[in-house]
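So this one's upload_37.csv, CSV, C-alpha atoms:
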chain,number,residue,atom,x,y,z
A,1,MET,CA,2.4,-25.1,-21.0
A,2,ILE,CA,3.5,-22.0,-19.1
A,3,THR,CA,6.9,-22.1,-17.6
A,4,GLU,CA,7.6,-21.2,-13.9
A,5,ALA,CA,9.4,-18.1,-15.1
A,6,GLY,CA,6.4,-17.2,-17.2
A,7,ARG,CA,4.1,-17.8,-14.3
A,8,GLN,CA,6.1,-15.6,-12.1
A,9,ALA,CA,6.2,-12.8,-14.8
A,10,LYS,CA,2.5,-13.0,-15.2
A,11,PHE,CA,1.9,-12.8,-11.5
A,12,GLN,CA,4.3,-9.9,-11.0
A,13,GLN,CA,2.5,-8.1,-13.9
A,14,LEU,CA,-0.7,-8.4,-11.9
A,15,ALA,CA,0.8,-7.2,-8.7
A,16,GLU,CA,2.3,-4.2,-10.3
A,17,ALA,CA,-0.8,-3.3,-12.3
A,18,TYR,CA,-3.4,-3.9,-9.6
A,19,GLY,CA,-1.8,-3.9,-6.2
A,20,THR,CA,-2.4,-0.3,-5.5
A,21,ASP,CA,-5.9,-0.2,-6.7
A,22,LEU,CA,-6.8,-3.3,-4.7
A,23,TYR,CA,-5.3,-1.7,-1.6
A,24,ARG,CA,-7.3,1.5,-2.1
A,25,TYR,CA,-10.4,-0.5,-2.7
A,26,ALA,CA,-9.8,-2.7,0.4
A,27,MET,CA,-9.0,0.3,2.5
A,28,TRP,CA,-12.3,2.1,1.6
A,29,ILE,CA,-14.3,-1.1,2.0
A,30,CYS,CA,-13.0,-2.2,5.4
A,31,GLY,CA,-11.8,1.2,6.8
A,32,ASN,CA,-8.9,-0.5,8.5
A,33,ASP,CA,-5.4,-0.1,7.2
A,34,ALA,CA,-4.0,-3.3,8.7
A,35,LEU,CA,-6.9,-5.4,7.5
A,36,ALA,CA,-6.7,-3.8,4.0
A,37,LYS,CA,-3.1,-4.8,3.7
A,38,ASP,CA,-3.9,-8.2,4.9
A,39,LEU,CA,-6.8,-8.6,2.5
A,40,VAL,CA,-4.6,-7.6,-0.4
A,41,GLN,CA,-1.8,-9.9,0.6
A,42,GLU,CA,-4.3,-12.7,1.0
A,43,THR,CA,-5.9,-11.9,-2.3
A,44,PHE,CA,-2.6,-12.1,-4.1
A,45,LEU,CA,-1.5,-15.2,-2.3
A,46,ARG,CA,-4.7,-17.0,-3.5
A,47,ALA,CA,-4.2,-15.5,-6.9
A,48,TRP,CA,-0.7,-17.0,-7.0
A,49,LYS,CA,-1.9,-20.4,-6.0
A,50,ALA,CA,-4.7,-20.3,-8.6
A,51,LEU,CA,-3.0,-18.4,-11.3
A,52,ASP,CA,-3.3,-21.2,-13.8
A,53,LYS,CA,-7.1,-20.7,-13.8
A,54,LEU,CA,-6.8,-17.2,-15.1
A,55,ASN,CA,-6.9,-17.8,-18.9
A,56,ASP,CA,-7.7,-14.2,-20.0
A,57,ILE,CA,-5.4,-11.6,-18.6
A,58,LYS,CA,-8.1,-9.0,-19.4
A,59,ALA,CA,-10.3,-10.5,-16.8
A,60,ALA,CA,-7.5,-10.3,-14.2
A,61,LYS,CA,-8.8,-7.2,-12.4
A,62,SER,CA,-12.3,-8.5,-11.9
A,63,TRP,CA,-10.9,-11.9,-10.9
A,64,LEU,CA,-8.8,-10.3,-8.2
A,65,ILE,CA,-11.7,-8.2,-7.0
A,66,THR,CA,-13.8,-11.3,-6.7
A,67,ILE,CA,-11.1,-13.0,-4.6
A,68,LEU,CA,-10.7,-9.9,-2.4
A,69,ARG,CA,-14.5,-9.6,-1.8
A,70,ARG,CA,-14.8,-13.2,-1.0
A,71,GLU,CA,-11.9,-13.0,1.4
A,72,TYR,CA,-13.4,-9.9,3.0
A,73,ALA,CA,-16.7,-11.6,3.5
A,74,ARG,CA,-14.9,-14.5,5.1
A,75,THR,CA,-13.0,-12.1,7.4
A,76,PHE,CA,-16.1,-10.2,8.2
A,77,GLU,CA,-17.8,-13.4,9.3
A,78,ARG,CA,-15.1,-13.9,11.8
A,79,LYS,CA,-14.9,-10.4,13.2
A,80,VAL,CA,-16.2,-6.9,12.5
A,81,PRO,CA,-13.3,-4.8,11.6
A,82,LYS,CA,-12.5,-1.8,13.8
A,83,PHE,CA,-12.9,1.2,11.7
A,84,THR,CA,-10.1,3.6,11.9
A,85,ASP,CA,-10.1,7.3,11.4
A,86,VAL,CA,-9.3,7.6,7.7
A,87,ASP,CA,-7.3,10.8,8.4
A,88,LYS,CA,-4.8,8.6,10.3
A,89,VAL,CA,-4.2,6.6,7.2
A,90,VAL,CA,-4.5,9.1,4.4
A,91,VAL,CA,-1.6,11.4,4.1
A,92,PRO,CA,-3.1,14.1,2.0
A,93,ASP,CA,-1.0,15.8,-0.6
A,94,ASP,CA,-3.5,18.6,-1.2
A,95,ARG,CA,-1.4,21.6,-0.7
A,96,GLU,CA,-2.0,22.8,-4.3
A,97,LEU,CA,-5.8,22.7,-3.8
A,98,GLU,CA,-7.9,25.8,-3.1
A,99,PRO,CA,-9.1,25.9,0.5
A,100,ASP,CA,-12.7,25.1,-0.4
A,101,ASP,CA,-11.6,22.0,-2.4
A,102,ARG,CA,-9.2,20.9,0.3
A,103,THR,CA,-12.1,21.1,2.8
A,104,GLU,CA,-14.4,19.2,0.5
A,105,VAL,CA,-11.9,16.5,-0.2
A,106,ARG,CA,-11.3,15.9,3.6
A,107,LEU,CA,-15.0,15.9,4.3
A,108,LEU,CA,-15.6,13.5,1.4
A,109,ARG,CA,-13.1,11.1,2.9
A,110,ARG,CA,-15.1,11.0,6.1
A,111,SER,CA,-18.4,10.9,4.4
A,112,ILE,CA,-17.5,7.9,2.2
A,113,MET,CA,-16.9,5.9,5.3
A,114,LYS,CA,-20.4,6.7,6.5
A,115,LEU,CA,-22.1,5.4,3.3
A,116,ALA,CA,-24.0,2.2,3.7
A,117,PRO,CA,-22.0,-0.7,2.0
A,118,LYS,CA,-24.6,-1.0,-0.7
A,119,TYR,CA,-23.9,2.5,-1.8
A,120,ARG,CA,-20.2,2.6,-0.9
A,121,GLU,CA,-19.2,-0.5,-2.8
A,122,PRO,CA,-20.4,0.3,-6.3
A,123,LEU,CA,-19.2,3.9,-5.9
A,124,LEU,CA,-15.7,2.7,-5.0
A,125,MET,CA,-15.7,0.2,-7.9
A,126,GLN,CA,-16.5,3.1,-10.2
A,127,VAL,CA,-14.2,5.7,-8.8
A,128,VAL,CA,-11.3,3.6,-7.5
A,129,LEU,CA,-11.3,0.7,-10.0
A,130,GLY,CA,-12.7,2.5,-13.0
A,131,TYR,CA,-15.5,0.0,-13.5
A,132,SER,CA,-18.4,0.8,-15.8
A,133,CYS,CA,-21.9,0.4,-14.6
A,134,GLN,CA,-22.1,-2.8,-16.6
A,135,GLU,CA,-19.0,-4.2,-14.9
A,136,ILE,CA,-20.3,-3.3,-11.5
A,137,SER,CA,-23.6,-5.0,-12.3
A,138,GLU,CA,-21.8,-8.2,-13.3
A,139,THR,CA,-19.5,-8.1,-10.3
A,140,LEU,CA,-22.3,-7.5,-7.7
A,141,ASP,CA,-24.8,-9.6,-9.6
A,142,ILE,CA,-27.5,-6.9,-9.6
A,143,SER,CA,-29.2,-5.1,-12.6
A,144,LYS,CA,-27.5,-2.2,-14.3
A,145,SER,CA,-30.4,-0.1,-13.4
A,146,ALA,CA,-30.0,-0.9,-9.7
A,147,VAL,CA,-26.3,0.0,-10.0
A,148,MET,CA,-27.1,3.4,-11.5
A,149,THR,CA,-29.6,4.1,-8.7
A,150,GLN,CA,-27.1,3.2,-6.0
A,151,LEU,CA,-24.4,5.3,-7.6
A,152,PHE,CA,-26.8,8.2,-7.9
A,153,ARG,CA,-27.9,7.9,-4.3
A,154,ALA,CA,-24.3,7.5,-3.1
A,155,ARG,CA,-23.3,10.8,-4.7
A,156,GLU,CA,-26.5,12.4,-3.4
A,157,GLN,CA,-25.7,11.4,0.1
A,158,LEU,CA,-22.2,12.6,-0.1
A,159,LYS,CA,-23.4,16.0,-1.4
A,160,SER,CA,-26.0,16.2,1.3
A,161,GLN,CA,-23.4,15.5,3.9
A,162,LEU,CA,-21.2,18.2,2.4
A,163,GLN,CA,-24.1,20.6,2.6
A,164,SER,CA,-24.9,19.8,6.2
A,165,ASP,CA,-21.2,20.3,7.0
A,166,GLY,CA,-21.4,23.7,5.5
A,167,VAL,CA,-19.4,23.3,2.4
A,168,THR,CA,-20.6,25.8,-0.1
A,169,GLY,CA,-21.2,25.2,-3.8
A,170,ASN,CA,-23.9,24.7,-6.3
A,171,VAL,CA,-24.4,21.0,-5.5
A,172,HIS,CA,-27.9,21.6,-4.3
A,173,GLU,CA,-28.9,22.8,-7.7
A,174,LEU,CA,-28.4,19.3,-9.1
A,175,PHE,CA,-31.1,17.7,-6.9
B,1,MET,CA,-34.7,12.2,-29.4
B,2,SER,CA,-32.4,14.3,-27.2
B,3,MET,CA,-31.9,13.7,-23.5
B,4,ASN,CA,-34.1,15.7,-21.1
B,5,PHE,CA,-32.6,17.5,-18.1
B,6,SER,CA,-34.0,15.0,-15.6
B,7,GLU,CA,-32.4,12.1,-17.5
B,8,PHE,CA,-29.2,14.0,-17.8
B,9,LYS,CA,-29.0,14.8,-14.0
B,10,ARG,CA,-29.6,11.1,-13.3
B,11,LEU,CA,-26.7,10.1,-15.6
B,12,LEU,CA,-24.5,12.8,-14.1
B,13,GLY,CA,-25.1,11.4,-10.6
B,14,ALA,CA,-24.6,7.8,-11.7
B,15,GLU,CA,-21.9,7.8,-14.3
B,16,PRO,CA,-20.4,11.3,-14.7
B,17,ARG,CA,-17.4,10.1,-16.6
B,18,SER,CA,-19.5,8.2,-19.1
B,19,GLY,CA,-18.3,8.4,-22.7
B,20,ASP,CA,-21.7,7.7,-24.1
B,21,PRO,CA,-22.1,9.9,-27.2
B,22,GLU,CA,-25.6,11.0,-26.4
B,23,PHE,CA,-24.6,12.0,-22.9
B,24,GLN,CA,-21.5,13.9,-24.2
B,25,ARG,CA,-23.7,15.8,-26.7
B,26,ALA,CA,-26.2,16.7,-24.0
B,27,ARG,CA,-23.4,18.2,-21.8
B,28,HIS,CA,-23.2,21.0,-24.3
B,29,SER,CA,-26.8,21.3,-25.4
B,30,SER,CA,-27.7,24.3,-23.3
B,31,PRO,CA,-26.2,26.6,-20.5
B,32,GLU,CA,-28.3,24.8,-18.0
B,33,PHE,CA,-26.8,21.4,-19.0
B,34,GLU,CA,-23.3,22.9,-19.2
B,35,GLU,CA,-23.6,24.4,-15.7
B,36,ALA,CA,-24.8,21.1,-14.2
B,37,ALA,CA,-22.0,19.2,-16.0
B,38,ALA,CA,-19.3,21.6,-14.8
B,39,GLU,CA,-20.5,21.3,-11.2
B,40,ALA,CA,-20.6,17.5,-11.5
B,41,ASP,CA,-17.1,17.5,-12.9
B,42,ARG,CA,-15.8,19.6,-10.0
B,43,PHE,CA,-17.4,17.3,-7.5
B,44,GLU,CA,-16.1,14.2,-9.3
B,45,THR,CA,-12.6,15.5,-9.4
B,46,ASN,CA,-12.7,16.1,-5.6
B,47,LEU,CA,-14.2,12.6,-5.1
B,48,GLU,CA,-11.4,11.1,-7.1
B,49,ARG,CA,-8.9,13.0,-5.0
B,50,ALA,CA,-10.5,11.9,-1.9
B,51,VAL,CA,-10.3,8.1,-2.7
B,52,SER,CA,-6.7,8.3,-3.9
B,53,ILE,CA,-5.1,6.9,-0.8
B,54,PRO,CA,-1.4,6.4,-1.3
B,55,ALA,CA,-0.4,2.8,-1.2
B,56,PRO,CA,1.9,1.8,1.6
B,57,GLU,CA,5.5,2.0,0.6
B,58,GLY,CA,6.8,-1.5,-0.3
B,59,LEU,CA,3.3,-2.9,-1.0
B,60,GLU,CA,4.2,-3.8,-4.6
B,61,GLU,CA,7.4,-5.4,-3.6
B,62,SER,CA,5.7,-7.4,-0.9
B,63,LEU,CA,3.1,-8.7,-3.4
B,64,THR,CA,5.6,-9.6,-6.2
B,65,ALA,CA,7.7,-11.3,-3.5
B,66,ILE,CA,4.9,-13.9,-3.0
B,67,SER,CA,6.0,-15.6,-6.2
B,68,ASP,CA,9.5,-15.8,-4.8
B,69,LEU,CA,8.5,-17.5,-1.6
B,70,PRO,CA,9.3,-21.1,-1.0
B,71,SER,CA,6.1,-23.2,-1.5
B,72,ASP,CA,6.1,-24.4,2.1
B,73,LEU,CA,5.8,-20.8,3.3
B,74,VAL,CA,3.1,-20.0,0.8
B,75,LYS,CA,1.0,-22.8,2.3
B,76,ARG,CA,1.3,-21.6,5.8
B,77,LYS,CA,-1.4,-19.7,7.6
B,78,GLY,CA,-0.6,-16.3,9.0
B,79,TRP,CA,1.8,-15.8,6.2
B,80,TRP,CA,1.8,-12.0,6.0
B,81,PRO,CA,5.0,-11.8,8.1
B,82,MET,CA,6.6,-14.4,5.8
B,83,ALA,CA,5.7,-12.3,2.8
B,84,LEU,CA,7.2,-9.4,4.6
B,85,ALA,CA,10.3,-11.4,5.3
B,86,ALA,CA,10.7,-11.6,1.6
B,87,SER,CA,9.6,-8.2,0.8
B,88,VAL,CA,10.9,-6.3,3.8
B,89,LEU,CA,9.7,-2.9,2.8
B,90,ILE,CA,7.1,-1.2,4.8
B,91,ALA,CA,6.0,2.4,5.0
B,92,VAL,CA,7.3,4.6,7.7
B,93,GLY,CA,4.5,5.1,10.2
B,94,ALA,CA,2.4,2.3,8.8
B,95,ALA,CA,0.3,1.1,11.7
B,96,GLY,CA,-1.2,-2.2,12.7
B,97,LEU,CA,1.3,-4.6,11.4
B,98,THR,CA,2.5,-7.4,13.6
B,99,TRP,CA,6.2,-8.1,13.3
B,100,LYS,CA,6.7,-11.6,14.4
B,101,MET,CA,9.6,-13.9,14.5
B,102,ASN,CA,9.9,-15.8,11.3
B,103,PRO,CA,10.2,-19.4,12.3
B,104,SER,CA,11.6,-20.4,8.9
B,105,PHE,CA,15.0,-19.0,9.7
B,106,ASP,CA,17.2,-21.4,11.7
B,107,SER,CA,20.0,-18.9,12.1
B,108,VAL,CA,21.0,-15.3,11.7
B,109,GLU,CA,23.1,-16.4,8.7
B,110,ASP,CA,20.0,-17.9,7.0
B,111,TYR,CA,18.1,-14.7,7.6
B,112,LEU,CA,20.8,-12.5,6.3
B,113,ALA,CA,21.2,-14.5,3.1
B,114,TYR,CA,17.5,-14.7,2.4
B,115,HIS,CA,16.9,-11.1,3.1
B,116,TYR,CA,19.9,-9.9,1.1
B,117,ARG,CA,19.1,-12.1,-1.9
B,118,HIS,CA,15.7,-10.7,-2.1
B,119,ASP,CA,16.4,-7.0,-2.2
B,120,GLY,CA,19.9,-6.3,-1.1
B,121,GLU,CA,21.3,-5.6,-4.5
B,122,LYS,CA,18.2,-3.7,-5.6
B,123,LEU,CA,18.3,-1.4,-2.7
B,124,LEU,CA,22.0,-0.6,-3.2
B,125,SER,CA,21.0,1.2,-6.4
B,126,ARG,CA,18.4,3.3,-4.6
B,127,ALA,CA,20.8,4.6,-2.0
B,128,ASP,CA,20.8,8.1,-3.3
B,129,GLY,CA,20.3,9.9,-0.1
B,130,ALA,CA,18.3,9.9,3.1
B,131,SER,CA,17.9,12.8,5.4
B,132,ALA,CA,19.4,12.7,8.8
B,133,SER,CA,16.0,13.4,10.2
B,134,ASP,CA,14.6,10.3,8.4
B,135,VAL,CA,17.4,8.2,9.9
B,136,GLN,CA,16.7,9.4,13.4
B,137,ALA,CA,12.9,9.1,13.0
B,138,LEU,CA,13.1,5.4,11.9
B,139,LEU,CA,15.7,4.5,14.5
B,140,SER,CA,13.9,6.3,17.3
B,141,GLY,CA,11.0,4.0,16.6
B,142,LEU,CA,13.2,1.2,17.8
B,143,ASN,CA,14.5,3.2,20.7
B,144,VAL,CA,18.0,3.8,19.3
B,145,SER,CA,19.6,6.8,17.6
B,146,ALA,CA,22.5,7.3,15.1
B,147,ALA,CA,25.6,9.3,15.7
B,148,PRO,CA,25.7,12.2,13.2
B,149,ALA,CA,28.7,10.6,11.4
B,150,LEU,CA,26.6,7.6,10.6
B,151,ALA,CA,23.4,9.4,9.9
B,152,GLY,CA,25.3,11.6,7.4
B,153,ILE,CA,26.2,8.8,5.2
B,154,VAL,CA,23.0,6.8,5.1
B,155,GLY,CA,21.8,6.6,1.5
B,156,MET,CA,18.6,4.6,2.1
B,157,ILE,CA,16.8,3.5,5.2
B,158,LYS,CA,13.7,1.4,5.7
B,159,TYR,CA,12.1,-0.7,8.3
B,160,CYS,CA,12.4,-4.4,7.7
B,161,PRO,CA,11.6,-7.7,9.5
B,162,THR,CA,14.3,-9.5,11.4
B,163,PRO,CA,14.4,-13.0,12.9
B,164,ASP,CA,12.8,-11.6,16.1
B,165,GLY,CA,10.6,-8.7,15.0
B,166,LYS,CA,11.1,-5.4,13.4
B,167,GLY,CA,14.4,-3.9,12.4
B,168,VAL,CA,16.0,-1.5,10.0
B,169,HIS,CA,17.7,-2.0,6.6
B,170,MET,CA,20.1,0.8,5.7
B,171,ILE,CA,22.7,1.5,3.1
B,172,LEU,CA,25.8,3.4,4.1
B,173,ASN,CA,27.6,5.3,1.3
B,174,THR,CA,31.2,4.9,2.4
B,175,GLU,CA,34.3,6.1,0.7
B,176,ASN,CA,34.9,2.6,-0.5
B,177,GLY,CA,31.4,2.0,-1.8
B,178,PRO,CA,27.9,1.2,-0.5
B,179,VAL,CA,27.6,-1.1,2.4
B,180,THR,CA,24.4,-2.7,3.8
B,181,VAL,CA,23.6,-2.7,7.5
B,182,PHE,CA,20.7,-4.5,9.1
B,183,TYR,CA,19.9,-3.3,12.6
B,184,MET,CA,18.2,-6.1,14.6
B,185,PRO,CA,17.0,-4.7,18.0
B,186,ASP,CA,15.9,-8.1,19.4
B,187,THR,CA,18.3,-10.5,17.9
B,188,GLU,CA,21.3,-11.8,19.8
B,189,VAL,CA,24.5,-12.5,17.8
B,190,THR,CA,28.0,-13.7,18.3
B,191,ASP,CA,30.0,-10.5,18.3
B,192,LYS,CA,32.5,-10.1,15.4
B,193,GLU,CA,31.4,-13.4,13.8
B,194,MET,CA,32.2,-13.4,10.1
B,195,LEU,CA,29.6,-14.9,7.7
B,196,ALA,CA,29.6,-15.4,4.0
B,197,PHE,CA,26.9,-16.1,1.4
B,198,ASP,CA,26.9,-15.9,-2.3
B,199,ASN,CA,29.7,-13.4,-3.1
B,200,MET,CA,29.0,-11.3,0.0
B,201,GLU,CA,30.7,-11.1,3.4
B,202,ALA,CA,29.0,-10.1,6.6
B,203,ILE,CA,30.2,-9.3,10.1
B,204,LEU,CA,27.9,-9.3,13.1
B,205,VAL,CA,28.1,-6.5,15.7
B,206,ASP,CA,26.9,-6.8,19.2
B,207,LEU,CA,25.5,-3.3,20.1
B,208,GLN,CA,24.6,-1.7,23.4
B,209,SER,CA,21.0,-2.2,22.3
B,210,GLY,CA,20.4,-5.0,19.9
B,211,SER,CA,22.7,-6.1,17.2
B,212,ALA,CA,23.7,-5.3,13.6
B,213,ALA,CA,25.1,-7.1,10.5
B,214,ILE,CA,27.3,-5.2,8.1
B,215,ILE,CA,27.3,-6.7,4.7
B,216,GLY,CA,29.6,-5.9,1.8
B,217,PRO,CA,31.6,-7.3,-1.0
B,218,ASN,CA,34.8,-8.1,1.0
B,219,ALA,CA,35.8,-8.8,4.5
B,220,GLN,CA,38.3,-5.9,4.8
B,221,LEU,CA,35.7,-3.3,4.0
B,222,ILE,CA,33.1,-4.6,6.4
B,223,SER,CA,35.6,-5.2,9.2
B,224,SER,CA,36.8,-1.6,8.9
B,225,LEU,CA,33.3,-0.5,9.7
B,226,TYR,CA,32.8,-2.7,12.7
B,227,ASN,CA,33.9,-0.1,15.3
B,228,PHE,CA,32.2,2.7,13.5
B,229,VAL,CA,28.8,0.9,13.5
B,230,GLN,CA,29.2,-0.3,17.1
B,231,ASP,CA,29.9,3.3,18.3
B,232,SER,CA,27.2,4.9,16.1
B,233,ILE,CA,24.0,3.0,16.9
B,234,LEU,CA,23.3,3.9,20.4
B,235,PRO,CA,20.3,3.6,22.8
B,236,ALA,CA,18.1,6.6,22.4
B,237,PRO,CA,18.3,9.1,25.3
B,238,GLY,CA,16.3,7.7,28.2
B,239,ASN,CA,16.6,4.1,26.9
B,240,SER,CA,20.1,3.3,27.9
Output the structure of this file as structure tokens.
Amino acid sequence: MITEAGRQAKFQQLAEAYGTDLYRYAMWICGNDALAKDLVQETFLRAWKALDKLNDIKAAKSWLITILRREYARTFERKVPKFTDVDKVVVPDDRELEPDDRTEVRLLRRSIMKLAPKYREPLLMQVVLGYSCQEISETLDISKSAVMTQLFRAREQLKSQLQSDGVTGNVHELF
Amino acid sequence: MSMNFSEFKRLLGAEPRSGDPEFQRARHSSPEFEEAAAEADRFETNLERAVSIPAPEGLEESLTAISDLPSDLVKRKGWWPMALAASVLIAVGAAGLTWKMNPSFDSVEDYLAYHYRHDGEKLLSRADGASASDVQALLSGLNVSAAPALAGIVGMIKYCPTPDGKGVHMILNTENGPVTVFYMPDTEVTDKEMLAFDNMEAILVDLQSGSAAIIGPNAQLISSLYNFVQDSILPAPGNS
């Protein structure tokens, strides 16, 4: 039987390990800073209440993501979030970047928000959360092959957007 | 059988950081593969930079504080302000938050004790310096300003919730040690009232705009700062 102190320690470990990643993921999914914070808070509140159901700490990340996605779906049913300009939320620390890279990073931020959810979500799971294609497949309950197609198309769309925005590079040679 | 270029490009677009041995071998199998891999790496690095949004300051504290909250607060709806009441830290410039009165505090004394127990001690150790411009920037968000003498000794400053909305938590590095000041723009207090909780003493200060609580380890120290604080937190120009 886990003690209350042990329960608190376990919870705090989760918050420290995954709070930032969940916020980033929520922010890119909903495009709204206030809603993202609220989603993460709500996720951890629910996690705290249901912590005894988490038997395997290795499964914590996907468990939290499942809670967050469910909460987001519930929120989205009630109201469509107002998308904010991501530049108002992101405080870029990109002074060390070459001008071309800086431009590309900024355009990518805008382009990510324009991706359809079916492309954006697996891409963010991979890039923000570090999920493998297999983990994305299990979380989204779609085949691994479908995940790979969506990830490929997501990147393809981002690169196309960069090209249409005039960012130079060899990206066109990949496709 | 080795991977052909078409398969390789598909994998580069789907899972460019894959550690799959065959994929890794293919990356170096010819100049054409190497060039495509290098371009994909460059793009992926920028993509990773693009998604790396900094988390709001205080997020982690606000999350870990959930496990400190009394169970009756955890069960409430619209609990984000309650979590903030426990966590108190929020990024400068963070938008979209609603600062609400926390109905769980029956008195200023309850609020001070709850707030201080949560992070008062912890923040004392972080009071290693705040710039005068930071001090003025935060206070101006609440339509007040700090006299230079006060701004010059602030070791840490953050927005925090108060019983009636949004306020400021700051640490003053005085000659006699660090002292905590909560600025509460919308809270009425009984001027000069002395309060005590745990091993701490507090004195309430009625200001020209709002109020403050000075919290320290003994009554003599905080009383000696009463006039200083009262004269140093002033309505911002145009708000008097």
TODO: Report as a ChimeraX atom specification the set of chain A residues whose atoms approach chain B to within 7 Å, with distances computed over all atoms listed in the file.
DONE: /A:8,12,15-16,19-20,23-24,34,38,41,44-45,48,90,101,105-106,108-109,127-128,148-149,151-152,155,170-171,174
If we count only C-alpha atoms, what is near Asp52 in chain A at a cut-off of 12 Å, once residues fewer than 4 positions away on the same chain are taken out, given as a short mmCIF file (atom, residue, chain, number, x, y, z; two decimals) with C-alpha atoms, in the frame of the given file?
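Full text of around26.cif as output:
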data_model
loop_
_atom_site.label_atom_id
_atom_site.label_comp_id
_atom_site.auth_asym_id
_atom_site.auth_seq_id
_atom_site.Cartn_x
_atom_site.Cartn_y
_atom_site.Cartn_z
CA MET A 1 2.40 -25.10 -21.00
CA ILE A 2 3.50 -22.00 -19.10
CA THR A 3 6.90 -22.10 -17.60
CA GLU A 4 7.60 -21.20 -13.90
CA GLY A 6 6.40 -17.20 -17.20
CA ARG A 7 4.10 -17.80 -14.30
CA GLN A 8 6.10 -15.60 -12.10
CA LYS A 10 2.50 -13.00 -15.20
CA PHE A 11 1.90 -12.80 -11.50
CA ARG A 46 -4.70 -17.00 -3.50
CA ALA A 47 -4.20 -15.50 -6.90
CA TRP A 48 -0.70 -17.00 -7.00
CA ASP A 56 -7.70 -14.20 -20.00
CA ILE A 57 -5.40 -11.60 -18.60
CA ALA A 60 -7.50 -10.30 -14.20
#
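For Gly152 in chain B, the residues within 12 Å (counting all atoms listed in the file, excluding itself and residues fewer than 6 positions away along the chain) are Gly129, Ala130, Ser131, Ala132, Ser133, Asp134, Val135, Gln136, Ala146, Ile171, Leu172, Asn173, Thr174 and Ser232 of chain B.
You will find CA of Glu109 in chain B at 12.1 Å from CA of Phe182 in chain B.
Interatomic distance, CA of Arg74 in chain A against CA of Pro161 in chain B: 27.7 Å.
The gap separating CA of Thr139 in chain A from CA of Leu68 in chain A is 12.0 Å, in Å to one decimal.
The smallest atom-to-atom distance between Gln13 in chain A and any of A:Leu51, A:Ala146, A:Leu115, A:Ala154, using all atoms listed in the file, is found for A:Leu51.
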- [ ] Rank nothing, just name the residue among B:Asp206, B:Asp231, B:Asp128, B:Asp198 nearest to Leu112 in chain B, using all atoms listed in the file.
- [x] B:Asp198
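Every protein or nucleic acid residue with an atom no more than 12 Å from Tyr72 in chain A, counting all atoms listed in the file and leaving out same-chain residues fewer than 6 positions away, appears here: A:Tyr25, A:Ala26, A:Met27, A:Ile29, A:Cys30, A:Gly31, A:Asn32, A:Leu35, A:Ala36, A:Lys37, A:Asp38, A:Leu39, A:Val40, A:Gln41, A:Glu42, A:Thr43, A:Ile65, A:Thr66, A:Arg78, A:Lys79, A:Val80, A:Pro81.
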Open item on the list: For Cys133 in chain A, find every residue with an atom within 8 Å (counting all atoms listed in the file), except residues of its own chain fewer than 2 positions away, and show them as a list of chain:residue names.
Closed with: A:Gln126, A:Tyr131, A:Glu135, A:Ile136, A:Ser137, A:Lys144, A:Val147, A:Met148, B:Glu15
